[in-house]
Every structure is written in structure tokens, then in C-alpha cells.
$ cat data.txt   # compact mmCIF, C-alpha atoms and all ligand atoms
# COMPACT_ATOMS: atom_id res chain seq x y z
CA MET A 11 6.56 18.74 -17.11
CA SER A 12 8.02 18.97 -13.59
CA LEU A 13 5.98 22.14 -12.99
CA ASN A 14 2.80 20.12 -13.64
CA LEU A 15 4.05 17.28 -11.48
CA ASP A 16 4.76 19.66 -8.59
CA LYS A 17 1.21 21.01 -8.92
CA VAL A 18 -0.23 17.47 -8.94
CA LEU A 19 1.75 16.53 -5.84
CA ILE A 20 0.43 19.59 -3.99
CA LYS A 21 -3.11 18.84 -5.22
CA ALA A 22 -2.89 15.25 -3.91
CA PHE A 23 -2.77 16.57 -0.35
CA GLU A 24 -5.72 18.89 -0.92
CA GLY A 25 -8.30 16.71 -2.65
CA PRO A 26 -9.15 14.23 -5.40
CA LEU A 27 -6.96 13.75 -8.45
CA ASN A 28 -8.37 13.58 -11.97
CA ARG A 29 -7.37 11.36 -14.93
CA GLU A 30 -4.67 13.79 -16.17
CA ASP A 31 -3.18 14.20 -12.68
CA LEU A 32 -3.01 10.42 -12.27
CA SER A 33 -1.30 10.00 -15.64
CA TYR A 34 1.61 12.17 -14.44
CA LEU A 35 1.99 9.98 -11.33
CA ILE A 36 1.66 6.63 -13.11
CA ALA A 37 4.29 7.43 -15.77
CA PRO A 38 7.14 9.50 -14.33
CA VAL A 39 9.43 10.66 -17.16
CA ASN A 40 12.65 10.07 -15.22
CA GLN A 41 14.02 8.77 -11.93
CA GLU A 42 14.08 12.23 -10.40
CA GLN A 43 10.30 12.52 -10.92
CA ARG A 44 9.78 8.95 -9.67
CA ASP A 45 11.73 9.76 -6.51
CA LYS A 46 9.63 12.89 -5.95
CA ILE A 47 6.39 10.96 -6.37
CA GLN A 48 7.50 8.19 -4.02
CA SER A 49 8.64 10.68 -1.41
CA ALA A 50 5.18 12.28 -1.52
CA ALA A 51 3.59 8.83 -1.30
CA ARG A 52 5.60 7.98 1.82
CA LYS A 53 4.56 11.31 3.36
CA MET A 54 0.92 10.52 2.57
CA ARG A 55 1.26 7.07 4.15
CA GLN A 56 2.77 8.66 7.27
CA LEU A 57 -0.24 11.00 7.48
CA THR A 58 -2.71 8.10 7.24
CA THR A 59 -1.42 4.85 8.72
CA GLY A 60 1.85 6.23 10.13
CA ASP A 61 4.80 3.84 10.34
CA LYS A 62 2.59 0.74 10.66
CA ILE A 63 2.90 -2.03 8.06
CA PHE A 64 0.19 -4.68 8.18
CA THR A 65 0.73 -8.31 7.20
CA SER A 66 -1.55 -10.76 5.40
CA GLY A 67 -1.11 -14.53 5.45
CA PHE A 68 -2.05 -16.32 2.24
CA VAL A 69 -3.64 -19.78 1.98
CA TYR A 70 -4.29 -20.75 -1.66
CA PHE A 71 -6.28 -23.86 -0.81
CA SER A 72 -7.81 -24.87 -4.15
CA THR A 73 -6.14 -24.31 -7.52
CA TRP A 74 -9.09 -25.69 -9.52
CA CYS A 75 -10.77 -23.08 -11.69
CA ARG A 76 -13.62 -22.97 -14.20
CA ASN A 77 -12.26 -19.83 -15.88
CA ASP A 78 -9.60 -19.53 -18.56
CA CYS A 79 -7.93 -16.19 -17.83
CA HIS A 80 -5.27 -15.66 -20.43
CA PHE A 81 -2.69 -14.46 -17.90
CA CYS A 82 -3.07 -17.19 -15.32
CA ALA A 83 -1.05 -20.34 -14.69
CA TYR A 84 -4.13 -21.99 -13.16
CA ARG A 85 -6.51 -21.30 -16.06
CA LEU A 86 -8.86 -24.12 -17.04
CA SER A 87 -6.97 -24.95 -20.24
CA SER A 88 -3.58 -25.22 -18.56
CA LYS A 89 -2.01 -28.63 -19.09
CA THR A 90 0.71 -28.10 -16.51
CA ALA A 91 -1.07 -26.38 -13.59
CA ARG A 92 -0.55 -28.12 -10.27
CA ARG A 93 -4.12 -28.82 -9.22
CA TYR A 94 -4.95 -29.43 -5.57
CA ARG A 95 -7.70 -28.93 -3.00
CA LYS A 96 -6.44 -28.80 0.57
CA THR A 97 -8.59 -30.39 3.29
CA PRO A 98 -10.19 -28.20 5.98
CA ALA A 99 -7.68 -29.59 8.47
CA GLU A 100 -4.78 -28.56 6.21
CA VAL A 101 -6.24 -25.08 5.76
CA LEU A 102 -6.71 -24.69 9.50
CA LYS A 103 -3.14 -25.81 10.15
CA ALA A 104 -1.79 -23.31 7.61
CA ALA A 105 -3.89 -20.52 9.10
CA GLN A 106 -2.69 -21.32 12.61
CA LEU A 107 0.96 -21.38 11.48
CA LEU A 108 0.47 -17.94 9.93
CA ALA A 109 -1.27 -16.62 13.05
CA ASN A 110 1.54 -17.99 15.23
CA GLN A 111 3.98 -16.01 13.07
CA GLY A 112 1.95 -12.89 13.92
CA VAL A 113 0.16 -12.02 10.66
CA ASN A 114 -2.76 -9.60 11.04
CA ILE A 115 -5.21 -11.29 8.65
CA ILE A 116 -5.73 -14.66 6.92
CA ASP A 117 -6.52 -14.59 3.18
CA LEU A 118 -8.33 -17.77 2.09
CA THR A 119 -8.01 -17.86 -1.68
CA LEU A 120 -9.23 -20.37 -4.25
CA GLY A 121 -9.62 -20.38 -7.98
CA GLU A 122 -13.20 -20.09 -9.14
CA ASP A 123 -13.58 -23.73 -8.18
CA PRO A 124 -16.24 -25.46 -10.31
CA ALA A 125 -17.70 -26.84 -7.07
CA ILE A 126 -18.31 -23.36 -5.60
CA ASP A 127 -21.97 -23.27 -6.66
CA GLN A 128 -22.73 -26.60 -4.96
CA ALA A 129 -24.40 -25.94 -1.60
CA GLU A 130 -22.28 -28.57 0.11
CA PHE A 131 -19.02 -26.91 -1.05
CA SER A 132 -20.02 -23.38 -0.07
CA ASP A 133 -21.47 -24.65 3.25
CA GLN A 134 -18.15 -26.37 3.99
CA LEU A 135 -16.25 -23.21 3.03
CA ALA A 136 -18.49 -21.09 5.29
CA LYS A 137 -17.79 -23.49 8.16
CA LEU A 138 -14.06 -23.27 7.43
CA ILE A 139 -14.19 -19.46 7.49
CA SER A 140 -15.76 -19.58 10.97
CA GLU A 141 -13.22 -22.13 12.19
CA VAL A 142 -10.25 -20.14 10.86
CA LYS A 143 -11.58 -16.99 12.48
CA GLU A 144 -12.30 -18.75 15.75
CA SER A 145 -9.00 -20.62 15.99
CA THR A 146 -6.70 -17.78 14.88
CA GLY A 147 -8.55 -14.77 16.33
CA ARG A 148 -7.75 -13.02 13.05
CA PRO A 149 -9.97 -11.26 10.55
CA VAL A 150 -10.49 -13.35 7.40
CA MET A 151 -10.42 -12.41 3.71
CA ILE A 152 -12.17 -14.69 1.25
CA SER A 153 -11.13 -14.68 -2.43
CA PRO A 154 -13.43 -17.20 -4.17
CA GLY A 155 -13.92 -15.38 -7.49
CA VAL A 156 -17.44 -14.52 -8.66
CA VAL A 157 -20.11 -16.08 -6.44
CA THR A 158 -23.87 -15.60 -6.07
CA THR A 159 -25.24 -13.03 -3.64
CA GLU A 160 -26.61 -15.90 -1.57
CA ILE A 161 -23.13 -17.39 -1.19
CA LEU A 162 -21.69 -13.95 -0.39
CA HIS A 163 -24.17 -13.60 2.48
CA LYS A 164 -23.33 -17.12 3.67
CA PHE A 165 -19.64 -16.19 3.89
CA ARG A 166 -20.40 -12.88 5.59
CA GLN A 167 -22.58 -14.60 8.17
CA ALA A 168 -19.76 -17.09 8.72
CA GLY A 169 -17.57 -14.14 9.74
CA ALA A 170 -15.58 -13.24 6.62
CA ASP A 171 -14.46 -9.61 6.88
CA TRP A 172 -13.02 -9.02 3.39
CA TYR A 173 -14.05 -10.08 -0.11
CA ALA A 174 -11.29 -9.87 -2.73
CA CYS A 175 -12.08 -10.00 -6.46
CA TYR A 176 -9.77 -8.30 -8.96
CA GLN A 177 -11.09 -6.48 -12.01
CA GLU A 178 -7.55 -6.51 -13.50
CA THR A 179 -8.47 -3.47 -15.65
CA TYR A 180 -11.36 -1.02 -16.09
CA ASN A 181 -10.81 -1.04 -19.87
CA GLN A 182 -13.59 -3.41 -20.93
CA ASP A 183 -11.93 -4.45 -24.21
CA LEU A 184 -8.73 -5.35 -22.37
CA PHE A 185 -10.80 -7.10 -19.68
CA ASN A 186 -12.40 -9.26 -22.38
CA ARG A 187 -8.94 -10.21 -23.70
CA LEU A 188 -7.63 -11.00 -20.22
CA ARG A 189 -10.62 -12.68 -18.62
CA GLN A 190 -11.96 -14.25 -21.78
CA GLY A 191 -15.48 -15.64 -21.45
CA GLN A 192 -16.23 -13.60 -18.32
CA ARG A 193 -18.38 -10.46 -18.02
CA PHE A 194 -16.88 -7.15 -16.87
CA GLU A 195 -20.16 -6.02 -15.32
CA THR A 196 -20.70 -9.29 -13.44
CA ARG A 197 -17.27 -9.09 -11.83
CA LEU A 198 -17.88 -5.48 -10.83
CA GLU A 199 -21.42 -6.16 -9.62
CA VAL A 200 -20.34 -8.90 -7.21
CA LYS A 201 -17.99 -6.43 -5.48
CA LYS A 202 -20.86 -3.96 -5.13
CA GLU A 203 -23.05 -6.71 -3.66
CA ALA A 204 -20.25 -7.56 -1.24
CA LEU A 205 -20.06 -3.95 -0.05
CA LYS A 206 -23.83 -3.98 0.46
CA ALA A 207 -23.50 -7.23 2.43
CA GLY A 208 -21.11 -5.49 4.84
CA PHE A 209 -17.81 -6.83 3.49
CA LEU A 210 -14.72 -4.71 3.13
CA VAL A 211 -13.62 -5.14 -0.48
CA GLU A 212 -10.27 -5.50 -2.22
CA ASP A 213 -9.95 -4.73 -5.94
CA GLY A 214 -6.81 -5.13 -8.01
CA ILE A 215 -5.20 -4.13 -11.31
CA LEU A 216 -2.72 -6.11 -13.42
CA CYS A 217 0.22 -4.18 -14.95
CA GLY A 218 2.22 -5.06 -18.06
CA VAL A 219 -0.60 -6.75 -19.99
CA GLY A 220 -0.93 -4.23 -22.82
CA GLU A 221 -2.74 -1.53 -20.82
CA THR A 222 -2.09 2.19 -21.48
CA VAL A 223 -1.32 4.83 -18.84
CA ALA A 224 -4.84 6.20 -19.43
CA ASP A 225 -6.24 2.70 -18.76
CA LEU A 226 -4.38 2.62 -15.43
CA ALA A 227 -5.67 6.08 -14.52
CA ASP A 228 -9.20 4.94 -15.38
CA SER A 229 -8.70 1.84 -13.25
CA ILE A 230 -7.71 3.93 -10.24
CA LEU A 231 -10.79 6.10 -10.79
CA GLY A 232 -12.93 2.98 -11.23
CA MET A 233 -11.74 1.48 -7.94
CA THR A 234 -12.31 4.86 -6.27
CA THR A 235 -15.89 5.01 -7.54
CA LEU A 236 -16.45 1.44 -6.35
CA GLY A 237 -15.24 2.36 -2.87
CA ALA A 238 -12.84 -0.55 -2.39
CA GLN A 239 -11.02 -0.18 0.93
CA GLN A 240 -7.98 -2.17 -0.25
CA VAL A 241 -6.58 -1.53 -3.73
CA ARG A 242 -3.65 -3.23 -5.38
CA ALA A 243 -1.55 -3.34 -8.49
CA MET A 244 0.47 -6.42 -9.48
CA GLY A 245 3.07 -6.74 -12.24
CA PHE A 246 2.23 -9.49 -14.73
CA VAL A 247 4.36 -12.63 -14.37
CA PRO A 248 3.94 -14.65 -17.62
CA PRO A 249 2.92 -18.23 -16.77
CA ALA A 250 5.83 -20.68 -17.12
CA GLU A 251 3.81 -22.70 -19.62
CA SER A 252 5.19 -22.16 -23.17
CA VAL A 253 3.34 -22.34 -26.46
CA THR A 254 4.63 -25.89 -26.96
CA ASP A 255 2.70 -26.93 -23.83
CA GLY A 256 -0.45 -25.65 -25.47
CA GLY A 257 -0.30 -22.50 -23.38
CA PRO A 258 -1.17 -19.11 -24.89
CA HIS A 259 1.54 -17.24 -26.73
CA TRP A 260 1.49 -14.04 -24.73
CA THR A 261 1.87 -11.45 -27.51
CA SER A 262 2.42 -8.48 -25.24
CA SER A 263 4.87 -10.13 -22.87
CA PRO A 264 6.40 -7.16 -21.06
CA ALA A 265 10.12 -6.48 -21.22
CA PRO A 266 11.81 -7.91 -18.11
CA ASP A 267 11.05 -5.65 -15.10
CA GLU A 268 8.73 -3.35 -17.14
CA ALA A 269 5.61 -4.80 -15.49
CA GLN A 270 7.19 -4.61 -12.05
CA ILE A 271 8.35 -1.00 -12.53
CA ARG A 272 4.82 -0.11 -13.63
CA GLU A 273 3.46 -1.92 -10.54
CA VAL A 274 5.64 0.13 -8.20
CA ASP A 275 4.67 3.37 -9.95
CA MET A 276 1.04 2.34 -9.55
CA ILE A 277 1.51 1.70 -5.83
CA ALA A 278 2.77 5.27 -5.37
CA SER A 279 -0.09 6.62 -7.51
CA LEU A 280 -2.64 4.60 -5.55
CA ARG A 281 -1.25 5.94 -2.27
CA LEU A 282 -1.67 9.52 -3.47
CA ALA A 283 -5.08 8.85 -5.02
CA ARG A 284 -6.47 6.71 -2.19
CA PRO A 285 -4.61 7.92 0.92
CA LYS A 286 -6.58 5.94 3.52
CA CYS A 287 -6.65 2.61 1.68
CA LEU A 288 -4.65 -0.50 2.42
CA ILE A 289 -2.27 -0.91 -0.51
CA PRO A 290 -0.42 -4.24 -0.79
CA ALA A 291 3.23 -4.89 -1.35
CA SER A 292 2.75 -8.42 -2.61
CA LEU A 293 5.54 -10.97 -2.20
CA ASP A 294 3.94 -12.93 -5.03
CA VAL A 295 5.56 -11.00 -7.89
CA GLU A 296 9.28 -10.74 -7.08
CA GLY A 297 9.46 -12.41 -3.66
CA LEU A 298 11.26 -10.82 -0.73
CA VAL A 299 13.73 -8.96 -2.95
CA GLY A 300 10.85 -6.86 -4.30
CA LEU A 301 9.54 -5.76 -0.90
CA LYS A 302 11.73 -2.70 -0.27
CA ALA A 303 10.78 -0.97 -3.53
CA ARG A 304 7.06 -1.51 -2.87
CA LEU A 305 7.29 -0.16 0.66
CA GLU A 306 9.31 2.82 -0.55
CA ALA A 307 6.45 3.53 -2.97
CA GLY A 308 3.91 3.81 -0.15
CA ALA A 309 2.46 0.33 0.34
CA ASN A 310 1.27 -0.33 3.92
CA LEU A 311 0.37 -4.01 3.78
CA ILE A 312 2.58 -6.99 2.96
CA THR A 313 0.63 -9.83 1.37
CA SER A 314 1.23 -13.39 0.24
CA LEU A 315 3.06 -14.62 3.31
CA VAL A 316 2.86 -18.38 2.80
CA PRO A 317 3.66 -21.09 5.39
CA ALA A 318 6.71 -23.09 4.34
CA ASN A 319 6.71 -26.82 3.60
CA MET A 320 2.95 -27.21 3.36
CA ASP A 321 2.92 -27.61 -0.40
CA LEU A 322 0.87 -24.40 -0.79
CA SER A 323 1.28 -22.30 -3.94
CA GLY A 324 1.52 -18.62 -4.61
CA VAL A 325 -0.55 -17.26 -7.49
CA ALA A 326 1.94 -15.50 -9.79
CA GLN A 327 5.01 -17.10 -8.19
CA ALA A 328 3.99 -20.61 -7.23
CA SER A 329 7.03 -21.43 -5.11
CA LEU A 330 9.38 -18.43 -5.00
CA ASP A 331 10.62 -17.70 -1.46
CA ILE A 332 8.12 -20.05 0.23
CA ASP A 333 10.07 -23.07 1.50
CA ASN A 334 13.12 -20.93 2.31
CA LYS A 335 10.75 -19.10 4.72
CA ALA A 336 11.40 -15.70 3.12
CA ARG A 337 7.65 -15.15 2.68
CA SER A 338 7.17 -15.01 6.45
CA VAL A 339 6.87 -12.41 9.20
CA GLU A 340 10.43 -13.27 10.25
CA GLY A 341 11.55 -12.82 6.65
CA VAL A 342 9.94 -9.42 6.07
CA GLN A 343 10.56 -7.82 9.47
CA PRO A 344 14.21 -6.76 8.83
CA VAL A 345 13.25 -5.09 5.55
CA VAL A 346 10.38 -3.22 7.21
CA GLU A 347 12.55 -2.03 10.10
CA SER A 348 15.44 -1.05 7.80
CA LEU A 349 13.06 1.57 6.37
CA GLY A 350 12.17 2.99 9.79
CA LEU A 351 8.78 1.27 9.69
CA ARG A 352 7.34 -1.40 11.98
CA LEU A 353 4.99 -4.37 11.79
CA ALA A 354 1.50 -3.52 13.07
CA SER A 355 -0.10 -5.43 15.92
CA LEU A 356 -3.31 -7.40 15.56
CA ASP A 357 -5.14 -4.80 17.65
CA GLU A 358 -3.93 -2.02 15.37
CA TYR A 359 -5.19 -3.97 12.37
CA LYS A 360 -8.57 -4.56 14.00
CA THR A 361 -8.76 -0.83 14.84
CA TRP A 362 -8.05 -0.03 11.18
CA ILE A 363 -10.88 -2.38 10.12
CA GLU A 364 -13.31 -0.75 12.55
CA SER A 365 -12.47 2.72 11.21
CA ALA A 366 -12.82 1.52 7.60
CA ARG A 367 -16.23 0.04 8.42
CA ALA A 368 -17.27 3.29 10.08
CA ASP A 369 -16.23 5.25 6.98
CA SER A 370 -17.99 2.94 4.50
C1 LIG B 1 -1.24 -11.85 -2.93
N1 LIG B 1 -0.72 -14.03 -3.88
O1 LIG B 1 -1.73 -11.24 -1.97
C2 LIG B 1 -1.72 -13.27 -3.20
C3 LIG B 1 -3.02 -13.28 -3.99
C4 LIG B 1 -5.46 -13.19 -3.60
N2 LIG B 1 -6.50 -12.74 -2.67
C5 LIG B 1 -4.13 -12.75 -3.13
C6 LIG B 1 -2.88 -12.54 -5.32
O2 LIG B 1 -0.43 -11.36 -3.71
FE1 LIG B 2 -9.18 -18.80 -12.43
FE2 LIG B 2 -8.46 -16.67 -11.00
FE3 LIG B 2 -6.71 -17.86 -12.64
FE4 LIG B 2 -8.75 -16.51 -13.69
S1 LIG B 2 -7.10 -15.64 -12.44
S2 LIG B 2 -8.05 -18.55 -14.34
S3 LIG B 2 -10.37 -16.89 -12.20
S4 LIG B 2 -7.62 -18.75 -10.82
$ encode --input "data.txt" --output "C-alpha cells"
Amino acid sequence: MSLNLDKVLIKAFEGPLNREDLSYLIAPVNQEQRDKIQSAARKMRQLTTGDKIFTSGFVYFSTWCRNDCHFCAYRLSSKTARRYRKTPAEVLKAAQLLANQGVNIIDLTLGEDPAIDQAEFSDQLAKLISEVKESTGRPVMISPGVVTTEILHKFRQAGADWYACYQETYNQDLFNRLRQGQRFETRLEVKKEALKAGFLVEDGILCGVGETVADLADSILGMTTLGAQQVRAMGFVPPAESVTDGGPHWTSSPAPDEAQIREVDMIASLRLARPKCLIPASLDVEGLVGLKARLEAGANLITSLVPANMDLSGVAQASLDIDNKARSVEGVQPVVESLGLRLASLDEYKTWIESARADS
């Protein structure tokens, strides 16, 4: 097996990897192989974005959602989800706090808010995008879920640089079990429309939800075909809600850490499969303690930095490491520098965006 792995690792630096190659990377048979793969991933990162680590501030400003995704704490049918909609002033304050910390980009995320199709709501959101961009001087990511092409264009004209919408999996049967009631094609199509509208696009895959290694390899190939410039994997964190609360009984709840180990293996595989992409090390799965492993696997962007004491939630981890200020630039910097890496400047991030636009 290691002979094949060595061949795959050489091939990664020469050209595209196929489904079989990716399967070797996604599922190392032992720690020695995992270490080899991660060492190659760090070398690939050094060849593409060097020692720079970008940072993304996260403002989850509406937790209302019309969808009922089986894996999500904020699904429509949840009886315990903390529902809120922050005011534009609150969102602006959060964005400015994040900018003052020195993050490179502001990610404005909301559930697929039932109000999103109302012109007044999307007009207000477009205005907010412009104000956040203007007041922070930072690029803006918008993560509103599936929206119409007209709304996409409205957000692009308002200055949004990124559109994030996660497919979770490119196995359509699994998609239907995860995002019940939603259409695989629709969710994929909106990302294609966003690319056509001039957005940079982030796609993402969930790990530890019953997927196979082949499914994960197909998902990497699917995101490659799409042309997403930022690609992520996140380990599934079962919602706190138990069956007694009327929540779903998650039949394939992963063994503790299994989903997170798979996530880190996916980060290394993504780095080798998509060398030039931004690949997140999200703080929203294991908090600050999980950052080192994700950076060691080749991630070059830290996401889900959340301003403390503003009553803002994470997605998978609603409160972990937020009010203790661990999910902050100050919190992550020592970990980054302990690995011989450094936090990127805003200009370096903007330069990366320009080069990604030129390549798309
Ligand atoms: C993150 N918690 O970056 C955020 C979230 C959504 N655009 C981002 C999943 O991990
Ligand atoms: Fe809604 Fe997103 Fe949660 Fe699905 S994952 S229920 S779309 S907030």
C-alpha cells in the first residue's frame, strides 16, 4: 500500500488526482501514512500560499431557517434552537470588532431565513453588505443558503465578494437524507450561477455522516469540477438536542473524534487535490484546541472567529471558545506562529482574491 501512496504523493505535484488516488489520501491506513500525507500537504501549501494563514471573521446574524437539515441544530423542526435576528447596527458593530482585530474577511452568514425571498429583506441585506464592506474595508462573504439569481446579482452589486453554500456531499442519496426536502441540483446550480455572476465560491463537505471514502473522493472531484475557489470539510457535531426533545435520533452518530479525524484527513487531501484553493481550519468544530491539527494538515485559512460577548452563535459549536475570546485573532496567533507560519495581512488577502479572480 505504501508504494501506491508514494506514487500518489509524487503524482499530486505533477497533475490532477483521480478517484483512486484520492481514496488513498482520504483514508490513510496508519499514522505513518497520515504523517507522510500531511507533510506533503504542508509542502504543497508552502508552494502555493507560502507561510501565510488568512483569517475569516464570522457573523451568524440570523438563525431562522426554512429548511430542516437532519444534521443541524438550527433546523426548522428544532424545539430548542436559539432563534435570533441581529439588527443591521449589531451586525455592523460585530464586523467592525472583527476588522479591528485584524481579520482579512467578514463572513455574513444566516440560515435560509424564510424572509430571504421578500424584496425588503434582501434589499436590507444588500445595503448591509455595502455598509460592512465600506466600514471595515474588508472583502465580504455572504452565506444566505439558496437564493434566486436575481438576489445573487443584488448581493454582488452590493459588493459581496464570496458566496458560500455547502453541498455537504456529492452522493445524491446521502444529500437527500441530510438535506431532506431540498434538491441536490438546485443547491449546485446556485453556486454555478454565483460563479457566473462574478462571485468567488466556497463549497463544503460534511464528514462523519455515513459517507464512504469513495463518496468523499467524489465530493472532492465534484467541487473541483464546479471550480470553487474555497473548499472545506467539517466534522459532524451532533446537535445537542436529544430524541426526547423531539430531535432526530442520529443513527450514524460517529464515534467520538472519528468525524474530526476524517475532517483533518480531508483537509490534507483537499490541499493535495486543490493546491491553490483556500482551505479552512474552522474553529467551529473543536474550538481553538483543534486548530493545530488542521493547520498541520495544510489548511491556510482560519474561519469562525466570532466577537466575544455579542451573543452571536457558531454553527456547529454555538458557544465554544467565543466569550473566552479564544476564537479571535489574538487567540489563534500563538498557534499559527508556533508552527512557523504567520497571519496574512489584508493586502495579501486582497492580492490572493485578485489572483483567484484572474484565474477564474
Ligand atoms: C465556519 N462556523 O467558517 C462557520 C460557518 C458559514 N459560511 C461558515 C460554517 O466554520
Ligand atoms: Fe438551515 Fe443551514 Fe441548518 Fe440546513 S444547515 S437547517 S439550511 S441553517
$ residues_near_ligand --input "data.txt" --ligand "ligand LIG 1 (chain B)" --cutoff "6 Å" --atoms "only C-alpha atoms and all ligand atoms" --output "list of chain:residue names"
A:Thr119, A:Ser153, A:Ala174, A:Ser292, A:Asp294, A:Thr313, A:Ser314, A:Gly324, A:Val325
$ residues_around --input "data.txt" --residues "stretch 343-349 of chain A" --least-positions-apart "6" --cutoff "12 Å" --atoms "all atoms listed in the file" --output "list in words"
Arg52, Asp61, Lys62, Ile63, Phe64, Thr65, Gln111, Gly112, Val113, Ala291, Leu298, Val299, Gly300, Leu301, Lys302, Ala303, Arg304, Leu305, Glu306, Ala307, Gly308, Ala309, Asn310, Leu311, Ile312, Leu315, Ala336 and Arg337 of chain A
$ residues_near_ligand --input "data.txt" --ligand "ligand LIG 2 (chain B)" --cutoff "8 Å" --atoms "all atoms listed in the file" --output "VMD selection string"
chain A and resid 73 to 86 120 to 123 155 189 325
$ write_last_selection --input "data.txt" --atoms "C-alpha atoms" --output "mmCIF file, in the frame of the given file"
data_model
loop_
_atom_site.group_PDB
_atom_site.id
_atom_site.type_symbol
_atom_site.label_atom_id
_atom_site.label_comp_id
_atom_site.auth_asym_id
_atom_site.auth_seq_id
_atom_site.Cartn_x
_atom_site.Cartn_y
_atom_site.Cartn_z
ATOM 1 C CA THR A 73 -6.140 -24.310 -7.520
ATOM 2 C CA TRP A 74 -9.090 -25.690 -9.520
ATOM 3 C CA CYS A 75 -10.770 -23.080 -11.690
ATOM 4 C CA ARG A 76 -13.620 -22.970 -14.200
ATOM 5 C CA ASN A 77 -12.260 -19.830 -15.880
ATOM 6 C CA ASP A 78 -9.600 -19.530 -18.560
ATOM 7 C CA CYS A 79 -7.930 -16.190 -17.830
ATOM 8 C CA HIS A 80 -5.270 -15.660 -20.430
ATOM 9 C CA PHE A 81 -2.690 -14.460 -17.900
ATOM 10 C CA CYS A 82 -3.070 -17.190 -15.320
ATOM 11 C CA ALA A 83 -1.050 -20.340 -14.690
ATOM 12 C CA TYR A 84 -4.130 -21.990 -13.160
ATOM 13 C CA ARG A 85 -6.510 -21.300 -16.060
ATOM 14 C CA LEU A 86 -8.860 -24.120 -17.040
ATOM 15 C CA LEU A 120 -9.230 -20.370 -4.250
ATOM 16 C CA GLY A 121 -9.620 -20.380 -7.980
ATOM 17 C CA GLU A 122 -13.200 -20.090 -9.140
ATOM 18 C CA ASP A 123 -13.580 -23.730 -8.180
ATOM 19 C CA GLY A 155 -13.920 -15.380 -7.490
ATOM 20 C CA ARG A 189 -10.620 -12.680 -18.620
ATOM 21 C CA VAL A 325 -0.550 -17.260 -7.490
#
$ residues_around --input "data.txt" --residues "A:Arg284" --least-positions-apart "3" --cutoff "12 Å" --atoms "only C-alpha atoms" --output "MDAnalysis selection string"
chainID A and resid 22:23 25:27 32 51 54:55 58 230:235 237:242 276:281 287:289 308:309
$ residues_around --input "data.txt" --residues "A:Val219" --least-positions-apart "4" --cutoff "12 Å" --atoms "all atoms listed in the file" --output "VMD selection string"
chain A and resid 80 to 82 178 to 179 181 184 to 185 187 to 189 215 223 225 to 226 244 to 248 260 to 265 268 to 270 272 to 273
$ atom_distance --input "data.txt" --atom1 "atom CA of A:Thr159" --atom2 "atom CA of A:Cys217"
29.2 Å
$ residues_around --input "data.txt" --residues "A:Glu141" --least-positions-apart "4" --cutoff "8 Å" --atoms "all atoms listed in the file" --output "list in words"
Leu102, Lys137 and Ser145 of chain A
$ atom_distance --input "data.txt" --atom1 "atom CA of A:Asp321" --atom2 "atom CA of A:Ile139"
20.5 Å
$ residues_around --input "data.txt" --residues "A:Gln43" --least-positions-apart "4" --cutoff "12 Å" --atoms "all atoms listed in the file" --output "MDAnalysis selection string"
chainID A and resid 11:16 18:19 34:39 47:50 275 278
$ atom_distance --input "data.txt" --atom1 "atom CA of A:Arg95" --atom2 "atom CA of A:Asn114"
24.4 Å
$ closest_residue --input "data.txt" --among "A:Ile115, A:Leu353, A:Val339, A:Ile363" --to "A:Phe209" --atoms "all atoms listed in the file"
A:Ile363
$ closest_residue --input "data.txt" --among "A:Lys164, A:Val156, A:Ile271, A:Gly67" --to "A:Gln192" --atoms "all atoms listed in the file"
A:Val156
$ decode --input "data.txt" --residues "stretch 16-56 of chain A" --atoms "C-alpha atoms" --output "mmCIF file, in the first residue's frame"
data_model
loop_
_atom_site.group_PDB
_atom_site.id
_atom_site.type_symbol
_atom_site.label_atom_id
_atom_site.label_comp_id
_atom_site.auth_asym_id
_atom_site.auth_seq_id
_atom_site.Cartn_x
_atom_site.Cartn_y
_atom_site.Cartn_z
ATOM 1 C CA ASP A 16 4.277 7.211 -2.517
ATOM 2 C CA LYS A 17 3.253 7.207 -6.182
ATOM 3 C CA VAL A 18 0.109 9.239 -5.393
ATOM 4 C CA LEU A 19 2.109 11.786 -3.415
ATOM 5 C CA ILE A 20 4.528 12.240 -6.334
ATOM 6 C CA LYS A 21 1.593 12.474 -8.773
ATOM 7 C CA ALA A 22 -0.047 15.207 -6.656
ATOM 8 C CA PHE A 23 2.820 17.556 -7.509
ATOM 9 C CA GLU A 24 2.619 16.742 -11.210
ATOM 10 C CA GLY A 25 -1.081 16.976 -12.024
ATOM 11 C CA PRO A 26 -4.665 16.056 -11.171
ATOM 12 C CA LEU A 27 -5.526 13.136 -8.913
ATOM 13 C CA ASN A 28 -8.232 10.617 -9.770
ATOM 14 C CA ARG A 29 -10.825 8.911 -7.529
ATOM 15 C CA GLU A 30 -8.487 6.028 -6.577
ATOM 16 C CA ASP A 31 -5.598 8.393 -5.786
ATOM 17 C CA LEU A 32 -7.868 10.474 -3.551
ATOM 18 C CA SER A 33 -9.098 7.389 -1.704
ATOM 19 C CA TYR A 34 -5.525 6.634 -0.580
ATOM 20 C CA LEU A 35 -5.167 10.182 0.767
ATOM 21 C CA ILE A 36 -8.568 10.348 2.472
ATOM 22 C CA ALA A 37 -8.129 7.051 4.358
ATOM 23 C CA PRO A 38 -4.524 6.553 5.473
ATOM 24 C CA VAL A 39 -4.102 3.035 6.890
ATOM 25 C CA ASN A 40 -1.863 4.118 9.767
ATOM 26 C CA GLN A 41 -0.302 7.148 11.434
ATOM 27 C CA GLU A 42 2.902 6.788 9.451
ATOM 28 C CA GLN A 43 0.933 7.189 6.193
ATOM 29 C CA ARG A 44 -1.094 10.060 7.687
ATOM 30 C CA ASP A 45 2.126 11.846 8.658
ATOM 31 C CA LYS A 46 3.506 11.377 5.133
ATOM 32 C CA ILE A 47 0.347 12.779 3.561
ATOM 33 C CA GLN A 48 0.268 15.772 5.895
ATOM 34 C CA SER A 49 3.939 16.507 5.283
ATOM 35 C CA ALA A 50 3.239 16.551 1.530
ATOM 36 C CA ALA A 51 0.202 18.773 2.134
ATOM 37 C CA ARG A 52 2.302 21.289 4.081
ATOM 38 C CA LYS A 53 4.875 21.276 1.270
ATOM 39 C CA MET A 54 2.095 21.928 -1.250
ATOM 40 C CA ARG A 55 0.752 24.799 0.860
ATOM 41 C CA GLN A 56 4.262 26.291 1.032
#
